[in-house]
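Shown next: start38.csv, containing CSV, C-alpha atoms.
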chain,number,residue,atom,x,y,z
A,23,MET,CA,9.6,38.3,10.9
A,24,PRO,CA,10.6,37.9,7.2
A,25,TYR,CA,8.6,35.3,5.3
A,26,LEU,CA,11.5,32.9,4.6
A,27,GLU,CA,12.7,33.1,8.1
A,28,HIS,CA,9.2,32.4,9.3
A,29,VAL,CA,9.0,29.3,7.0
A,30,ASP,CA,12.4,28.1,8.2
A,31,LYS,CA,11.2,28.4,11.8
A,32,ILE,CA,8.0,26.4,11.1
A,33,ILE,CA,10.0,23.6,9.4
A,34,SER,CA,12.6,23.5,12.2
A,35,GLN,CA,9.9,23.3,14.9
A,36,SER,CA,7.9,20.6,13.0
A,37,GLU,CA,7.8,17.0,14.3
A,38,PRO,CA,9.9,14.8,12.0
A,39,PRO,CA,9.7,14.2,9.2
A,40,ALA,CA,9.4,17.8,7.9
A,41,PHE,CA,8.5,18.2,4.2
A,42,SER,CA,8.5,21.0,1.6
A,43,LEU,CA,5.4,23.1,1.8
A,44,PHE,CA,5.1,22.9,-1.9
A,45,MET,CA,5.1,19.2,-2.6
A,46,LYS,CA,2.5,16.5,-2.4
A,47,THR,CA,2.9,13.8,0.3
A,48,PHE,CA,2.1,10.1,0.0
A,49,LEU,CA,1.9,7.8,3.0
A,50,HIS,CA,3.9,4.6,2.4
A,51,ILE,CA,2.0,2.1,4.5
A,52,GLY,CA,3.8,-1.0,5.7
A,53,CYS,CA,6.9,0.3,4.1
A,54,GLY,CA,9.3,-2.3,5.5
A,55,PHE,CA,12.9,-1.2,4.5
A,56,ASN,CA,11.7,0.1,1.2
A,57,ARG,CA,11.8,3.8,0.1
A,58,LYS,CA,9.8,5.5,-2.6
A,59,ASP,CA,12.1,4.2,-5.4
A,60,ARG,CA,10.4,0.8,-4.6
A,61,THR,CA,6.9,2.1,-4.9
A,62,THR,CA,5.5,3.3,-8.3
A,63,ARG,CA,6.7,5.4,-11.2
A,64,GLY,CA,4.3,8.1,-10.2
A,65,PHE,CA,5.4,8.3,-6.6
A,66,ASN,CA,9.1,8.0,-7.5
A,67,SER,CA,9.4,11.6,-8.6
A,68,ILE,CA,10.5,14.9,-7.2
A,69,GLU,CA,6.9,16.2,-6.8
A,70,TRP,CA,6.1,13.6,-4.1
A,71,ASN,CA,7.4,13.4,-0.5
A,72,GLU,CA,7.2,10.0,1.2
A,73,LEU,CA,6.0,9.5,4.7
A,74,ARG,CA,6.9,6.0,5.9
A,75,LEU,CA,4.7,4.0,8.3
A,76,ASP,CA,5.3,0.5,9.6
A,77,ILE,CA,4.5,-1.5,12.7
A,78,ASP,CA,8.1,-2.9,12.8
A,79,ARG,CA,10.4,-0.3,14.4
A,80,SER,CA,13.5,-2.2,13.0
A,81,CYS,CA,12.5,-0.7,9.6
A,82,ASN,CA,13.2,2.8,11.0
A,83,PRO,CA,9.9,4.2,9.7
A,84,ASP,CA,8.9,7.9,10.2
A,85,ILE,CA,5.8,6.6,12.1
A,86,ILE,CA,5.5,3.4,14.0
A,87,GLY,CA,2.0,2.1,13.9
A,88,SER,CA,-0.6,-0.3,12.6
A,89,MET,CA,-2.6,0.4,9.5
A,90,THR,CA,-5.8,-0.4,11.5
A,91,GLU,CA,-5.1,2.5,13.9
A,92,MET,CA,-3.0,5.3,12.3
A,93,THR,CA,-3.7,7.8,15.0
A,94,ALA,CA,-0.3,9.5,14.5
A,95,VAL,CA,-1.5,10.6,11.0
A,96,ALA,CA,-3.9,13.5,11.0
A,97,SER,CA,-7.2,13.2,9.2
A,98,GLY,CA,-7.2,14.6,5.6
A,99,SER,CA,-3.4,15.2,5.8
A,100,VAL,CA,-2.0,13.2,2.8
A,101,ASP,CA,-2.6,13.5,-0.9
A,102,ALA,CA,-2.2,9.8,-1.6
A,103,LEU,CA,-1.1,6.5,0.0
A,104,PHE,CA,0.7,3.4,-1.2
A,105,SER,CA,0.0,-0.1,0.4
A,106,SER,CA,2.0,-2.9,-1.2
A,107,HIS,CA,1.2,-6.5,0.1
A,108,ASN,CA,-0.1,-5.3,3.4
A,109,ILE,CA,-3.9,-5.9,3.6
A,110,GLU,CA,-3.5,-9.7,3.2
A,111,HIS,CA,-1.6,-9.7,6.6
A,112,LEU,CA,-4.9,-8.6,8.3
A,113,TYR,CA,-7.7,-10.8,9.6
A,114,PRO,CA,-10.8,-10.3,7.5
A,115,HIS,CA,-12.6,-8.3,10.2
A,116,GLU,CA,-9.7,-5.9,10.3
A,117,VAL,CA,-9.7,-5.0,6.6
A,118,PRO,CA,-12.6,-2.6,6.9
A,119,LEU,CA,-10.9,-0.9,9.8
A,120,ALA,CA,-7.7,-0.4,7.8
A,121,LEU,CA,-9.5,0.9,4.7
A,122,GLY,CA,-11.5,3.3,7.0
A,123,GLU,CA,-8.2,4.6,8.2
A,124,PHE,CA,-6.9,4.9,4.6
A,125,ARG,CA,-10.0,7.0,3.8
A,126,ARG,CA,-9.6,9.1,6.9
A,127,VAL,CA,-6.0,10.3,6.3
A,128,LEU,CA,-6.6,11.1,2.7
A,129,LYS,CA,-7.4,14.6,1.6
A,130,PRO,CA,-10.6,15.2,-0.4
A,131,GLY,CA,-9.7,14.1,-4.0
A,132,GLY,CA,-6.9,11.9,-2.6
A,133,PHE,CA,-6.3,8.4,-3.8
A,134,ALA,CA,-4.9,5.0,-2.6
A,135,VAL,CA,-2.7,2.7,-4.6
A,136,ILE,CA,-3.1,-0.8,-3.3
A,137,THR,CA,-1.5,-4.1,-4.4
A,138,CYS,CA,-1.9,-7.6,-3.0
A,139,PRO,CA,-1.8,-11.2,-4.1
A,140,ASP,CA,-4.3,-12.5,-6.6
A,141,LEU,CA,-5.8,-15.6,-5.1
A,142,GLN,CA,-7.6,-16.5,-8.4
A,143,SER,CA,-4.2,-16.9,-10.1
A,144,VAL,CA,-2.8,-18.8,-7.2
A,145,ALA,CA,-5.8,-21.1,-7.0
A,146,GLU,CA,-5.1,-22.2,-10.6
A,147,LEU,CA,-1.7,-23.4,-9.4
A,148,VAL,CA,-3.1,-25.1,-6.4
A,149,ALA,CA,-5.7,-26.8,-8.5
A,150,GLY,CA,-2.9,-28.1,-10.7
A,151,ASP,CA,-1.3,-29.7,-7.5
A,152,LYS,CA,1.6,-27.2,-7.5
A,153,LEU,CA,1.1,-25.9,-3.9
A,154,ALA,CA,4.7,-26.2,-3.0
A,155,ASP,CA,6.3,-25.8,-6.4
A,156,PRO,CA,8.1,-22.5,-7.1
A,157,ALA,CA,5.8,-20.1,-9.0
A,158,TYR,CA,8.5,-17.5,-9.5
A,159,THR,CA,11.8,-16.3,-8.0
A,160,SER,CA,11.9,-13.1,-5.9
A,161,PRO,CA,14.9,-11.4,-4.3
A,162,ALA,CA,14.1,-13.5,-1.2
A,163,GLY,CA,14.3,-16.7,-3.2
A,164,PRO,CA,11.8,-19.1,-4.8
A,165,ILE,CA,8.1,-18.3,-4.0
A,166,ALA,CA,5.5,-21.1,-4.0
A,167,PRO,CA,1.7,-20.8,-3.9
A,168,ILE,CA,1.8,-21.8,-0.2
A,169,ASP,CA,3.9,-18.7,0.5
A,170,ILE,CA,1.5,-16.5,-1.4
A,171,LEU,CA,-1.5,-18.0,0.5
A,172,TYR,CA,-0.1,-18.1,4.0
A,173,GLY,CA,3.0,-15.9,4.1
A,174,HIS,CA,6.6,-16.3,3.3
A,175,ARG,CA,7.8,-19.4,5.1
A,176,ALA,CA,11.5,-18.6,5.2
A,177,SER,CA,10.8,-15.2,6.9
A,178,MET,CA,8.4,-16.6,9.4
A,179,ALA,CA,10.9,-19.4,10.2
A,180,LYS,CA,13.4,-16.7,11.2
A,181,GLY,CA,10.8,-15.2,13.6
A,182,ASN,CA,9.3,-12.5,11.4
A,183,LEU,CA,5.6,-13.4,12.0
A,184,TYR,CA,4.5,-10.1,10.6
A,185,MET,CA,4.9,-12.0,7.3
A,186,ALA,CA,1.9,-14.3,8.0
A,187,HIS,CA,-1.1,-13.9,5.7
A,188,ARG,CA,-4.6,-14.0,7.3
A,189,CYS,CA,-6.9,-13.1,4.4
A,190,GLY,CA,-7.0,-12.8,0.6
A,191,PHE,CA,-8.6,-11.2,-2.4
A,192,THR,CA,-9.7,-11.8,-5.9
A,193,GLU,CA,-10.1,-8.8,-8.2
A,194,LYS,CA,-13.9,-8.8,-7.7
A,195,VAL,CA,-13.5,-9.0,-3.9
A,196,LEU,CA,-10.9,-6.3,-3.7
A,197,ILE,CA,-13.1,-3.9,-5.7
A,198,GLY,CA,-16.1,-4.7,-3.7
A,199,THR,CA,-14.2,-4.3,-0.4
A,200,LEU,CA,-12.9,-0.9,-1.4
A,201,GLN,CA,-16.4,0.2,-2.5
A,202,ALA,CA,-17.9,-1.0,0.7
A,203,ALA,CA,-15.3,1.0,2.6
A,204,GLY,CA,-16.6,4.2,0.9
A,205,PHE,CA,-14.2,4.7,-2.0
A,206,THR,CA,-16.3,6.1,-4.8
A,207,ALA,CA,-14.2,5.1,-7.8
A,208,VAL,CA,-11.8,2.1,-8.3
A,209,VAL,CA,-9.6,1.1,-11.2
A,210,SER,CA,-7.9,-2.3,-11.1
A,211,ILE,CA,-5.8,-4.7,-13.0
A,212,ARG,CA,-5.0,-8.4,-12.5
A,213,ARG,CA,-1.5,-9.7,-13.3
A,214,PRO,CA,-1.2,-13.5,-13.6
A,215,HIS,CA,2.1,-15.5,-14.0
A,216,PRO,CA,4.7,-14.5,-13.1
A,217,PHE,CA,3.3,-11.8,-10.8
A,218,TYR,CA,0.1,-13.3,-9.2
A,219,ASP,CA,-1.0,-9.9,-8.0
A,220,LEU,CA,-3.7,-7.3,-8.1
A,221,TRP,CA,-3.4,-3.6,-8.3
A,222,ALA,CA,-6.1,-1.0,-7.6
A,223,VAL,CA,-6.3,2.8,-7.4
A,224,ALA,CA,-9.2,4.0,-5.3
A,225,TRP,CA,-10.5,7.6,-4.8
A,226,VAL,CA,-12.2,9.2,-1.9
A,227,SER,CA,-14.3,11.5,-4.0
A,228,GLY,CA,-15.5,11.5,-7.6
A,229,ILE,CA,-13.1,11.9,-10.5
A,230,ASP,CA,-13.7,11.8,-14.3
A,231,GLU,CA,-12.8,8.7,-16.3
A,232,SER,CA,-9.9,10.4,-18.1
A,233,GLY,CA,-8.4,11.6,-14.7
A,234,MET,CA,-8.8,8.1,-13.3
A,235,ARG,CA,-7.0,6.5,-16.3
A,236,ALA,CA,-4.2,9.1,-16.2
A,237,ILE,CA,-3.4,8.5,-12.5
A,238,ALA,CA,-3.7,4.7,-12.9
A,239,ASP,CA,-1.2,4.8,-15.8
A,240,GLU,CA,1.3,6.6,-13.5
A,241,HIS,CA,1.0,4.1,-10.8
A,242,PHE,CA,0.2,0.7,-12.3
A,243,PRO,CA,3.2,-1.4,-13.4
A,244,SER,CA,4.1,-1.2,-17.0
Output the file's structure as structure tokens, nothing else.
Amino acid sequence: MPYLEHVDKIISQSEPPAFSLFMKTFLHIGCGFNRKDRTTRGFNSIEWNELRLDIDRSCNPDIIGSMTEMTAVASGSVDALFSSHNIEHLYPHEVPLALGEFRRVLKPGGFAVITCPDLQSVAELVAGDKLADPAYTSPAGPIAPIDILYGHRASMAKGNLYMAHRCGFTEKVLIGTLQAAGFTAVVSIRRPHPFYDLWAVAWVSGIDESGMRAIADEHFPS
């Protein structure tokens, strides 16, 4: 069988989604309705294929599943993963399970890009008695510290209880949690007002400092 015909046959017989054999793949965890243009500058490029995973089938993900049990994703099968505002939806005892799954599906040398609310920044607003005052305005409307702490009230009022928050992180806690889960190197940033979020890139295996910084620069917000 000619090589190109053989490749076409492999792709046609693959379980969806089928990707180019020559591109890197990142797993978009808890994707919601977002696509890779709503991830990072690094992932939003032609060299990356996106594999979308979400527990909510209404989002039409490629894979329906929980981040604590991603059995549909083979071990060591993706080059990277992106998790935006997902881990705060877990109970504290579930976070190590999710991060263990993150490590399992990554290839050696793979990395995870994770962002979540920064409770240290939010606590400063709460301490100033601004729990219900708008901290910033999102596409979904005004967001107050109470929404950042416990989940978006408007979405939950409409029945979307997936939006509930069950744990939280400061930069120190996020780094320590990733290291405890077996990630060998972590680079992080903390963004106060008007973002109130944390970003981290974590690697499964060792990488030199210049390599870490280069990847972080591609995926951290400007």
Open item on the list: Quick check, in Å to one decimal: how far apart do CA of Thr90 (chain A) and CA of Glu123 (chain A) lie?
Closed with: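 Result for CA of Thr90 (chain A) versus CA of Glu123 (chain A): 6.5 Å, one decimal.
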Env of region 159-162 of chain A: 12 Å cut, atoms = only C-alpha atoms, seq-sep filter 4 positions within chain, self excluded. Answer as a PDB file with C-alpha atoms, in the coordinates of the input.
ATOM      1  CA  ASP A 155       6.300 -25.800  -6.400  1.00  0.00           C
ATOM      2  CA  ALA A 166       5.500 -21.100  -4.000  1.00  0.00           C
ATOM      3  CA  PRO A 167       1.700 -20.800  -3.900  1.00  0.00           C
ATOM      4  CA  ASP A 169       3.900 -18.700   0.500  1.00  0.00           C
ATOM      5  CA  ILE A 170       1.500 -16.500  -1.400  1.00  0.00           C
ATOM      6  CA  HIS A 174       6.600 -16.300   3.300  1.00  0.00           C
ATOM      7  CA  ARG A 175       7.800 -19.400   5.100  1.00  0.00           C
ATOM      8  CA  ALA A 176      11.500 -18.600   5.200  1.00  0.00           C
ATOM      9  CA  SER A 177      10.800 -15.200   6.900  1.00  0.00           C
ATOM     10  CA  HIS A 215       2.100 -15.500 -14.000  1.00  0.00           C
ATOM     11  CA  PRO A 216       4.700 -14.500 -13.100  1.00  0.00           C
ATOM     12  CA  PHE A 217       3.300 -11.800 -10.800  1.00  0.00           C
TER      13      PHE A 217
END
Return as JSON lines the residues of region 135-218 of chain A lying at most 12 Å from region 91-115 of chain A, together with the closest atom-to-atom pair for each and the distance in Å to one decimal, counting only C-alpha atoms, with rows in chain order and ascending residue number.
{"residue": "A:Val135", "atom": "CA", "partner": "A:Phe104", "partner_atom": "CA", "distance": 4.9}
{"residue": "A:Ile136", "atom": "CA", "partner": "A:Ser105", "partner_atom": "CA", "distance": 4.9}
{"residue": "A:Thr137", "atom": "CA", "partner": "A:Ser106", "partner_atom": "CA", "distance": 4.9}
{"residue": "A:Cys138", "atom": "CA", "partner": "A:His107", "partner_atom": "CA", "distance": 4.5}
{"residue": "A:Pro139", "atom": "CA", "partner": "A:His107", "partner_atom": "CA", "distance": 7.0}
{"residue": "A:Asp140", "atom": "CA", "partner": "A:Glu110", "partner_atom": "CA", "distance": 10.2}
{"residue": "A:Leu141", "atom": "CA", "partner": "A:Glu110", "partner_atom": "CA", "distance": 10.4}
{"residue": "A:Asp169", "atom": "CA", "partner": "A:Glu110", "partner_atom": "CA", "distance": 12.0}
{"residue": "A:Ile170", "atom": "CA", "partner": "A:Glu110", "partner_atom": "CA", "distance": 9.6}
{"residue": "A:Leu171", "atom": "CA", "partner": "A:Glu110", "partner_atom": "CA", "distance": 9.0}
{"residue": "A:Tyr172", "atom": "CA", "partner": "A:His111", "partner_atom": "CA", "distance": 8.9}
{"residue": "A:Gly173", "atom": "CA", "partner": "A:His111", "partner_atom": "CA", "distance": 8.1}
{"residue": "A:His174", "atom": "CA", "partner": "A:His111", "partner_atom": "CA", "distance": 11.0}
{"residue": "A:Leu183", "atom": "CA", "partner": "A:His111", "partner_atom": "CA", "distance": 9.7}
{"residue": "A:Tyr184", "atom": "CA", "partner": "A:His111", "partner_atom": "CA", "distance": 7.3}
{"residue": "A:Met185", "atom": "CA", "partner": "A:His111", "partner_atom": "CA", "distance": 6.9}
{"residue": "A:Ala186", "atom": "CA", "partner": "A:His111", "partner_atom": "CA", "distance": 5.9}
{"residue": "A:His187", "atom": "CA", "partner": "A:His111", "partner_atom": "CA", "distance": 4.3}
{"residue": "A:Arg188", "atom": "CA", "partner": "A:Tyr113", "partner_atom": "CA", "distance": 5.0}
{"residue": "A:Cys189", "atom": "CA", "partner": "A:Glu110", "partner_atom": "CA", "distance": 5.0}
{"residue": "A:Gly190", "atom": "CA", "partner": "A:Glu110", "partner_atom": "CA", "distance": 5.3}
{"residue": "A:Phe191", "atom": "CA", "partner": "A:Glu110", "partner_atom": "CA", "distance": 7.7}
{"residue": "A:Thr192", "atom": "CA", "partner": "A:Glu110", "partner_atom": "CA", "distance": 11.2}
{"residue": "A:Val195", "atom": "CA", "partner": "A:Pro114", "partner_atom": "CA", "distance": 11.8}
{"residue": "A:Leu196", "atom": "CA", "partner": "A:Ile109", "partner_atom": "CA", "distance": 10.1}
{"residue": "A:Thr199", "atom": "CA", "partner": "A:Pro114", "partner_atom": "CA", "distance": 10.5}
{"residue": "A:Leu200", "atom": "CA", "partner": "A:Ile109", "partner_atom": "CA", "distance": 11.4}
{"residue": "A:Tyr218", "atom": "CA", "partner": "A:His107", "partner_atom": "CA", "distance": 11.6}
- [ ] Would you work out the distance separating CA of Arg125 (chain A) from CA of Gly87 (chain A), expressed in Å to one decimal?
- [x] 16.4 Å
Open item on the list: So that I can see what lies close to Ala222 (chain A), please list as a ChimeraX atom specification the residues with an atom at most 9 Å from it, counting all atoms listed in the file and leaving out residues fewer than 6 positions away in the same chain.
Closed with: /A:134-137,193,196-197,208-212,238,242
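Taking all atoms listed in the file into account, Tyr158 (chain A) lies nearest to A:Val144 out of the set A:Leu128, A:Val144, A:Leu49, A:Val226.
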Open item on the list: Just the number, please: distance in Å from CA of Trp70 (chain A) to CA of Ile229 (chain A), one decimal.
Closed with: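 Computing the Euclidean distance for CA of Trp70 (chain A) and CA of Ile229 (chain A) yields 20.3 Å.
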Open item on the list: From the options A:Asn56, A:Ser232, A:Asn71, A:Gln201, which residue's atoms come nearest to Leu121 (chain A), counting all atoms listed in the file?
Closed with: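 The shortest atom-to-atom distance to Leu121 (chain A) comes from A:Gln201.
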Task: Exercise: residues within 7 Å of coordinate (10.6, 4.9, 7.6), counting only C-alpha atoms, as number ranges by chain - done: A: 53, 74-75, 81-85
Open item on the list: Please determine, counting all atoms listed in the file, which residue among A:Gly52, A:Gly122, A:Phe65, A:Thr47 has the shortest atom-to-atom distance to His241 (chain A).
Closed with: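 The answer is A:Phe65, which sits nearest to His241 (chain A).
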